[in-house]
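Chemist: Please find upload-v1.cif (mmCIF, C-alpha atoms and all ligand atoms) on the next line:
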data_start
loop_
_atom_site.label_atom_id
_atom_site.label_comp_id
_atom_site.auth_asym_id
_atom_site.auth_seq_id
_atom_site.Cartn_x
_atom_site.Cartn_y
_atom_site.Cartn_z
CA MET A 5 0.00 0.00 0.00
CA ILE A 6 1.19 3.52 -0.82
CA ARG A 7 -0.27 6.33 1.25
CA GLY A 8 -0.40 10.05 0.57
CA SER A 9 -1.80 13.16 2.23
CA CYS A 10 -1.87 16.93 1.94
CA LEU A 11 0.15 19.23 4.19
CA CYS A 12 -2.67 19.77 6.71
CA GLY A 13 -3.75 16.11 6.69
CA SER A 14 -7.38 16.85 5.73
CA VAL A 15 -7.04 14.93 2.47
CA GLY A 16 -5.60 11.43 2.62
CA TRP A 17 -5.53 8.52 0.18
CA GLU A 18 -4.27 5.00 -0.38
CA ILE A 19 -3.11 3.17 -3.48
CA HIS A 20 -3.59 -0.61 -3.43
CA GLY A 21 -2.56 -1.52 -6.98
CA PRO A 22 0.29 -1.01 -9.40
CA VAL A 23 1.54 2.51 -10.13
CA GLY A 24 3.27 3.72 -13.28
CA ASN A 25 4.02 6.60 -15.64
CA MET A 26 6.18 8.48 -13.15
CA SER A 27 7.53 11.60 -14.80
CA HIS A 28 8.61 15.17 -14.14
CA CYS A 29 6.31 17.66 -15.87
CA HIS A 30 7.67 21.10 -16.79
CA CYS A 31 4.51 22.44 -18.44
CA SER A 32 3.54 25.96 -17.49
CA ILE A 33 0.24 24.82 -15.96
CA CYS A 34 1.96 22.41 -13.57
CA ARG A 35 4.57 24.99 -12.66
CA LYS A 36 1.87 27.53 -11.76
CA ALA A 37 -0.49 25.06 -10.08
CA HIS A 38 2.33 23.83 -7.83
CA GLY A 39 4.29 27.07 -7.53
CA ALA A 40 7.31 24.83 -8.09
CA PRO A 41 10.06 24.45 -10.72
CA PHE A 42 8.32 21.29 -12.02
CA ALA A 43 5.76 18.74 -10.86
CA THR A 44 6.23 14.98 -10.56
CA TYR A 45 3.27 12.67 -11.13
CA LEU A 46 2.64 8.99 -11.20
CA SER A 47 -0.64 7.34 -12.03
CA THR A 48 -2.78 4.39 -11.10
CA ASP A 49 -6.16 2.89 -11.97
CA MET A 50 -9.22 4.36 -10.24
CA ASP A 51 -9.90 0.83 -8.96
CA SER A 52 -6.56 0.86 -7.11
CA TYR A 53 -7.15 4.26 -5.54
CA ARG A 54 -9.12 5.05 -2.41
CA LEU A 55 -9.72 8.49 -0.96
CA VAL A 56 -9.61 7.85 2.79
CA THR A 57 -10.57 11.30 3.99
CA GLY A 58 -11.21 14.83 2.79
CA GLU A 59 -13.71 14.67 -0.10
CA GLY A 60 -15.41 17.79 1.29
CA THR A 61 -12.11 19.65 1.51
CA ILE A 62 -11.03 19.10 -2.10
CA ARG A 63 -11.51 22.06 -4.42
CA ARG A 64 -11.26 21.78 -8.18
CA TYR A 65 -10.15 24.34 -10.72
CA GLU A 66 -10.76 23.72 -14.43
CA SER A 67 -7.34 24.56 -15.88
CA SER A 68 -8.32 23.47 -19.39
CA PRO A 69 -11.71 22.44 -20.85
CA GLY A 70 -12.80 19.19 -19.23
CA PHE A 71 -9.68 18.91 -17.06
CA SER A 72 -9.68 19.99 -13.44
CA ARG A 73 -6.83 20.44 -11.04
CA SER A 74 -7.60 19.36 -7.47
CA PHE A 75 -6.19 20.92 -4.33
CA CYS A 76 -6.86 21.02 -0.60
CA ALA A 77 -8.96 24.09 0.23
CA THR A 78 -7.36 24.31 3.67
CA CYS A 79 -3.62 24.07 2.93
CA GLY A 80 -3.35 24.40 -0.87
CA SER A 81 -1.56 21.10 -1.53
CA VAL A 82 -2.25 19.68 -4.97
CA VAL A 83 -4.03 16.33 -4.47
CA PRO A 84 -4.81 13.42 -6.84
CA MET A 85 -7.03 14.13 -9.82
CA ARG A 86 -8.84 12.13 -12.48
CA VAL A 87 -7.14 12.19 -15.86
CA GLY A 88 -9.56 10.11 -17.92
CA GLU A 89 -9.50 6.49 -19.11
CA GLY A 90 -10.11 5.40 -15.53
CA ARG A 91 -6.74 6.70 -14.39
CA ILE A 92 -5.87 9.05 -11.58
CA ALA A 93 -2.74 11.23 -11.43
CA ILE A 94 -0.96 11.35 -8.07
CA PRO A 95 1.35 14.26 -7.20
CA ALA A 96 4.45 12.50 -5.87
CA GLY A 97 5.33 15.34 -3.51
CA CYS A 98 2.41 14.38 -1.26
CA LEU A 99 3.30 10.70 -0.91
CA ASP A 100 3.96 9.45 2.61
CA ASP A 101 5.42 6.14 1.38
CA ASP A 102 8.08 5.32 -1.19
CA PRO A 103 6.14 4.44 -4.36
CA GLY A 104 8.85 1.93 -5.30
CA ILE A 105 9.14 3.30 -8.83
CA ARG A 106 11.26 6.24 -10.00
CA PRO A 107 10.69 9.03 -12.54
CA SER A 108 11.52 7.77 -16.02
CA MET A 109 11.42 10.98 -18.06
CA HIS A 110 10.86 14.71 -18.27
CA ILE A 111 7.76 15.82 -20.17
CA PHE A 112 7.14 19.27 -21.64
CA ALA A 113 10.85 19.88 -21.21
CA ALA A 114 10.69 22.65 -23.83
CA SER A 115 8.32 24.56 -21.52
CA LYS A 116 10.65 24.40 -18.55
CA ALA A 117 11.28 27.42 -16.35
CA PRO A 118 14.17 29.52 -17.71
CA TRP A 119 15.68 29.66 -14.22
CA HIS A 120 15.62 25.89 -13.65
CA PRO A 121 18.27 23.75 -15.38
CA ILE A 122 17.55 20.05 -15.93
CA THR A 123 20.73 18.31 -14.73
CA ASP A 124 19.92 14.60 -14.79
CA ASN A 125 20.17 12.14 -17.68
CA LEU A 126 16.52 11.10 -17.95
CA PRO A 127 14.98 11.29 -21.43
CA ARG A 128 13.40 14.65 -22.24
CA HIS A 129 10.20 14.92 -24.25
CA ASN A 130 8.83 18.20 -25.51
CA ALA A 131 5.21 17.07 -25.19
CA TYR A 132 3.51 14.05 -23.67
CA SER A 133 5.11 10.77 -24.16
CA ALA A 134 2.89 8.07 -25.62
CA GLU A 135 2.30 6.69 -22.14
CA SER A 136 1.47 9.99 -20.49
CA THR A 137 -2.11 10.67 -19.47
CA LEU A 138 -2.06 14.25 -18.26
CA SER A 139 -3.58 16.88 -20.52
CA GLU A 140 -2.09 20.24 -21.36
CA VAL A 141 -3.31 23.60 -22.58
CA ALA A 142 -1.59 26.68 -23.95
CA PRO A 143 0.55 28.50 -21.39
CA PRO A 144 -0.89 31.62 -19.80
CA ALA A 145 0.23 34.88 -21.38
CA GLY A 146 3.54 35.97 -19.92
CA GLY A 147 3.75 39.42 -18.37
CA SER A 148 5.83 42.06 -20.06
CA ALA A 149 7.15 44.53 -17.56
CA ALA A 150 9.43 47.51 -17.27
CA PRO A 151 13.12 46.68 -16.81
CA GLY A 152 13.86 45.65 -13.25
CA ILE A 153 10.26 44.66 -12.60
CA LEU A 154 9.16 41.03 -12.59
CA HIS A 155 5.53 40.02 -12.85
CA GLY A 156 3.95 37.02 -11.23
CA SER A 157 0.44 35.56 -11.11
CA CYS A 158 -1.56 32.53 -10.09
CA LEU A 159 -2.93 29.90 -12.47
CA CYS A 160 -6.44 31.41 -12.69
CA GLY A 161 -5.08 34.94 -13.10
CA GLY A 162 -7.06 36.26 -10.14
CA VAL A 163 -3.90 37.21 -8.25
CA ALA A 164 -1.14 39.29 -9.83
CA PHE A 165 1.90 40.93 -8.31
CA GLU A 166 5.13 42.62 -9.24
CA ILE A 167 8.60 42.48 -7.76
CA ASN A 168 10.98 45.38 -8.08
CA GLU A 169 13.94 44.06 -6.13
CA PRO A 170 16.50 41.34 -6.91
CA PHE A 171 16.34 38.17 -4.80
CA LYS A 172 18.64 38.22 -1.78
CA VAL A 173 18.79 34.45 -1.86
CA VAL A 174 17.07 31.59 -3.73
CA HIS A 175 16.93 28.09 -2.22
CA ASN A 176 15.74 24.74 -3.51
CA CYS A 177 14.13 23.35 -0.36
CA HIS A 178 13.63 19.60 0.07
CA CYS A 179 12.07 19.66 3.56
CA GLY A 180 9.00 17.52 4.10
CA ARG A 181 6.76 20.54 4.60
CA CYS A 182 7.81 22.22 1.36
CA ARG A 183 7.37 18.98 -0.56
CA LYS A 184 3.82 18.62 0.74
CA ALA A 185 2.91 22.29 0.50
CA ARG A 186 3.77 22.34 -3.20
CA ALA A 187 3.18 18.63 -3.86
CA ALA A 188 6.54 18.56 -5.65
CA ALA A 189 10.07 17.17 -5.33
CA HIS A 190 11.20 20.48 -3.90
CA THR A 191 10.31 24.16 -3.83
CA THR A 192 12.37 26.95 -5.31
CA ASN A 193 11.75 30.05 -3.22
CA GLY A 194 13.32 33.49 -3.50
CA PHE A 195 13.57 35.99 -0.66
CA ILE A 196 13.17 39.76 -0.98
CA SER A 197 12.24 42.53 1.42
CA ILE A 198 8.56 43.07 2.06
CA ASP A 199 8.79 46.46 0.33
CA GLY A 200 10.00 44.77 -2.85
CA ILE A 201 6.61 43.25 -3.74
CA ARG A 202 3.33 44.89 -4.68
CA PHE A 203 0.06 43.09 -5.34
CA LEU A 204 -1.68 44.38 -8.46
CA LYS A 205 -4.89 42.45 -7.82
CA GLY A 206 -6.43 39.58 -5.91
CA GLU A 207 -4.76 39.97 -2.53
CA ASP A 208 -8.15 39.08 -1.04
CA LEU A 209 -7.97 35.70 -2.81
CA LEU A 210 -4.87 34.66 -0.87
CA LEU A 211 -5.23 32.00 1.80
CA SER A 212 -2.50 30.94 4.20
CA TYR A 213 -2.17 27.76 6.19
CA LYS A 214 -0.02 27.83 9.31
CA VAL A 215 1.36 24.43 10.25
CA PRO A 216 0.27 24.18 13.92
CA GLU A 217 3.49 22.64 15.24
CA ALA A 218 5.73 24.96 13.19
CA LYS A 219 7.01 28.28 14.45
CA THR A 220 6.31 30.23 11.29
CA TYR A 221 5.77 27.82 8.38
CA THR A 222 2.74 29.26 6.57
CA PRO A 223 2.43 28.51 2.84
CA THR A 224 0.11 30.80 0.89
CA PHE A 225 -2.03 29.97 -2.13
CA CYS A 226 -4.84 31.28 -4.33
CA ARG A 227 -8.19 30.08 -2.98
CA VAL A 228 -9.63 29.76 -6.51
CA CYS A 229 -6.89 27.75 -8.28
CA GLY A 230 -4.61 26.59 -5.45
CA ALA A 231 -1.46 28.07 -7.02
CA GLY A 232 1.46 28.72 -4.67
CA MET A 233 1.72 32.44 -3.99
CA PRO A 234 4.11 34.87 -2.28
CA ARG A 235 3.98 35.05 1.45
CA LEU A 236 4.68 38.28 3.31
CA ARG A 237 6.33 37.80 6.68
CA GLN A 238 5.62 40.95 8.63
CA GLU A 239 7.58 39.61 11.60
CA THR A 240 10.85 39.42 9.64
CA GLY A 241 10.18 42.03 6.96
CA ASN A 242 10.77 39.41 4.26
CA ALA A 243 8.65 38.18 1.39
CA ILE A 244 9.01 34.58 0.18
CA ILE A 245 8.32 34.15 -3.53
CA PRO A 246 7.74 30.72 -5.11
CA LEU A 247 9.62 31.11 -8.38
CA GLY A 248 7.00 28.91 -10.03
CA SER A 249 4.55 31.82 -9.74
CA LEU A 250 6.70 34.18 -11.84
CA ASP A 251 5.70 35.13 -15.39
CA GLY A 252 9.10 36.59 -16.25
CA ASP A 253 12.66 35.40 -15.86
CA PRO A 254 14.53 36.61 -12.77
CA GLY A 255 17.77 35.77 -14.58
CA ARG A 256 18.86 33.41 -11.85
CA GLY A 257 17.70 30.26 -10.12
CA ALA A 258 18.52 28.59 -6.84
CA GLU A 259 22.04 28.81 -5.45
CA ASP A 260 21.83 25.65 -3.32
CA HIS A 261 19.75 22.73 -2.08
CA ILE A 262 18.65 23.04 1.54
CA PHE A 263 17.23 20.30 3.76
CA ALA A 264 18.70 17.85 1.26
CA GLY A 265 18.82 15.38 4.16
CA SER A 266 15.00 15.29 4.01
CA LYS A 267 14.70 14.83 0.25
CA ALA A 268 12.11 12.53 -1.31
CA PRO A 269 13.33 8.91 -1.67
CA TRP A 270 12.25 8.94 -5.34
CA TYR A 271 14.24 12.05 -6.22
CA ASP A 272 17.98 12.23 -6.91
CA ILE A 273 19.64 15.61 -6.57
CA THR A 274 21.95 16.13 -9.57
CA GLY A 275 23.98 19.09 -10.80
CA ASN A 276 26.69 21.11 -9.10
CA LEU A 277 24.83 23.27 -6.58
CA PRO A 278 25.95 22.95 -2.96
CA GLN A 279 23.81 20.67 -0.82
CA PHE A 280 23.08 21.18 2.86
CA ASP A 281 21.40 18.58 5.06
CA GLU A 282 19.47 21.37 6.73
CA MET A 283 20.10 25.12 6.52
CA PRO A 284 23.43 26.40 5.13
CA PRO A 285 25.78 27.70 7.82
CA ALA A 286 25.20 31.37 8.55
CA VAL A 287 27.69 33.70 6.89
ZN ZN B 301 -4.68 20.11 3.32
ZN ZN B 302 2.20 19.45 -16.50
ZN ZN B 303 -5.73 31.78 -8.80
#
Let me see the structure of the file written as structure tokens.
Modeler:
Amino acid sequence: MIRGSCLCGSVGWEIHGPVGNMSHCHCSICRKAHGAPFATYLSTDMDSYRLVTGEGTIRRYESSPGFSRSFCATCGSVVPMRVGEGRIAIPAGCLDDDPGIRPSMHIFAASKAPWHPITDNLPRHNAYSAESTLSEVAPPAGGSAAPGILHGSCLCGGVAFEINEPFKVVHNCHCGRCRKARAAAHTTNGFISIDGIRFLKGEDLLLSYKVPEAKTYTPTFCRVCGAGMPRLRQETGNAIIPLGSLDGDPGRGAEDHIFAGSKAPWYDITGNLPQFDEMPPAV
């Protein structure tokens, strides 16, 4: 049995049959829905899947005609969704158990984030592979902005913001909370000062979920589409920006992997960035 659950635990599921089609998806819809550099899915038959808890907490957003993205209305985690032909797509970032299989390819590699290099040797496809069951639509229109200003938005377009400050630091974070919050292998979050971000619309659509046992961990998402959104931390004067929410290219990506000691068992960290088991030593 393979179990999974959202960050807050409201939505939980079990898989009792074979799983397959595990791949990293770089399409613009996945990147926005997860607020992550890419999403990793596997799939199983509906007959092998059982939602244990949380039906009433799942919200759906139709990201393309006839295809809905599902997320937890309380914490924003992307949760399993039907993909047709009796199959269900499972976001690997929310798994509690090792699925036993490993990602076999990158799909929509041509749509990848400009700030995220692919550094492993898995095959790269520029669309769906023949075996893939997820559906894709045209990417949302990218924002054009004045020099020095970066635009960002959620998947439904209800929330839009701009950033007028370079990132102080950008981390790939592999901690268990980040993996669940964004239902992905890891987050890529940039930090700026709170004065460096301005919401253009939809600030009232933002929802935050504070992890009860955490001191400050409070991921933020759009209540309509579930997309990962910036979080303003008044207490520290920082804003945390999921790079997956950006429409433009910040011209840089992450400088390291943090909490690499907590990484998902199904994900290998490749490339040359420094890795820290927890936080990097203070400088
Ligand atoms: Zn939840
Ligand atoms: Zn995708
Ligand atoms: Zn939205």
Chemist: Taking all atoms listed in the file into account, which residues are within 7 Å of ligand ZN 303 (chain B), as a PDB file with C-alpha atoms, in the frame of the given file?
Modeler:
ATOM      1  CA  CYS A 158      -1.560  32.530 -10.090  1.00  0.00           C
ATOM      2  CA  LEU A 159      -2.930  29.900 -12.470  1.00  0.00           C
ATOM      3  CA  CYS A 160      -6.440  31.410 -12.690  1.00  0.00           C
ATOM      4  CA  GLY A 161      -5.080  34.940 -13.100  1.00  0.00           C
ATOM      5  CA  GLY A 162      -7.060  36.260 -10.140  1.00  0.00           C
ATOM      6  CA  VAL A 163      -3.900  37.210  -8.250  1.00  0.00           C
ATOM      7  CA  CYS A 226      -4.840  31.280  -4.330  1.00  0.00           C
ATOM      8  CA  ARG A 227      -8.190  30.080  -2.980  1.00  0.00           C
ATOM      9  CA  VAL A 228      -9.630  29.760  -6.510  1.00  0.00           C
ATOM     10  CA  CYS A 229      -6.890  27.750  -8.280  1.00  0.00           C
ATOM     11  CA  GLY A 230      -4.610  26.590  -5.450  1.00  0.00           C
ATOM     12  CA  ALA A 231      -1.460  28.070  -7.020  1.00  0.00           C
TER      13      ALA A 231
END
Chemist: Could you produce a table of the residues of chain A lying within 6 Å of ligand ZN 302 (chain B), with the nearest pair of atoms per residue and their separation in Å rounded to one decimal, using only C-alpha atoms and all ligand atoms, ordered by chain and increasing residue number, as CSV?
Modeler:
residue,atom,partner,partner_atom,distance
A:Cys29,CA,B:ZN302,ZN,4.5
A:His30,CA,B:ZN302,ZN,5.7
A:Cys31,CA,B:ZN302,ZN,4.2
A:Ile33,CA,B:ZN302,ZN,5.7
A:Cys34,CA,B:ZN302,ZN,4.2
Chemist: Find the residues near ligand ZN 301 (chain B). Use a cut-off of 8 Å, count all atoms listed in the file, and write them as an MDAnalysis selection string.
Modeler: chainID A and resid 9:15 61 75:81
Chemist: From the options A:Thr123, A:Ile94, A:Ala189, A:Ile245, which residue's atoms come nearest to Glu169 of chain A, counting all atoms listed in the file?
Modeler: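 The answer is A:Ile245, which sits nearest to Glu169 of chain A.
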Chemist: Just give me the residues with any atom within 10 Å of (-11.2, 9.4, -4.1), file coordinates, counting only C-alpha atoms, written as a PyMOL selection string.
Modeler: chain A and resi 15-18+50-51+53-59+62+83-86+92
Chemist: Keeping only C-alpha atoms, write the selected residues to a file as an mmCIF file, in the frame of the given file.
Modeler:
data_model
loop_
_atom_site.group_PDB
_atom_site.id
_atom_site.type_symbol
_atom_site.label_atom_id
_atom_site.label_comp_id
_atom_site.auth_asym_id
_atom_site.auth_seq_id
_atom_site.Cartn_x
_atom_site.Cartn_y
_atom_site.Cartn_z
ATOM 1 C CA VAL A 15 -7.040 14.930 2.470
ATOM 2 C CA GLY A 16 -5.600 11.430 2.620
ATOM 3 C CA TRP A 17 -5.530 8.520 0.180
ATOM 4 C CA GLU A 18 -4.270 5.000 -0.380
ATOM 5 C CA MET A 50 -9.220 4.360 -10.240
ATOM 6 C CA ASP A 51 -9.900 0.830 -8.960
ATOM 7 C CA TYR A 53 -7.150 4.260 -5.540
ATOM 8 C CA ARG A 54 -9.120 5.050 -2.410
ATOM 9 C CA LEU A 55 -9.720 8.490 -0.960
ATOM 10 C CA VAL A 56 -9.610 7.850 2.790
ATOM 11 C CA THR A 57 -10.570 11.300 3.990
ATOM 12 C CA GLY A 58 -11.210 14.830 2.790
ATOM 13 C CA GLU A 59 -13.710 14.670 -0.100
ATOM 14 C CA ILE A 62 -11.030 19.100 -2.100
ATOM 15 C CA VAL A 83 -4.030 16.330 -4.470
ATOM 16 C CA PRO A 84 -4.810 13.420 -6.840
ATOM 17 C CA MET A 85 -7.030 14.130 -9.820
ATOM 18 C CA ARG A 86 -8.840 12.130 -12.480
ATOM 19 C CA ILE A 92 -5.870 9.050 -11.580
#
Chemist: So how far away is atom CA of Ala218 of chain A from atom CA of Gly241 of chain A, in Å?
Modeler: 18.7 Å
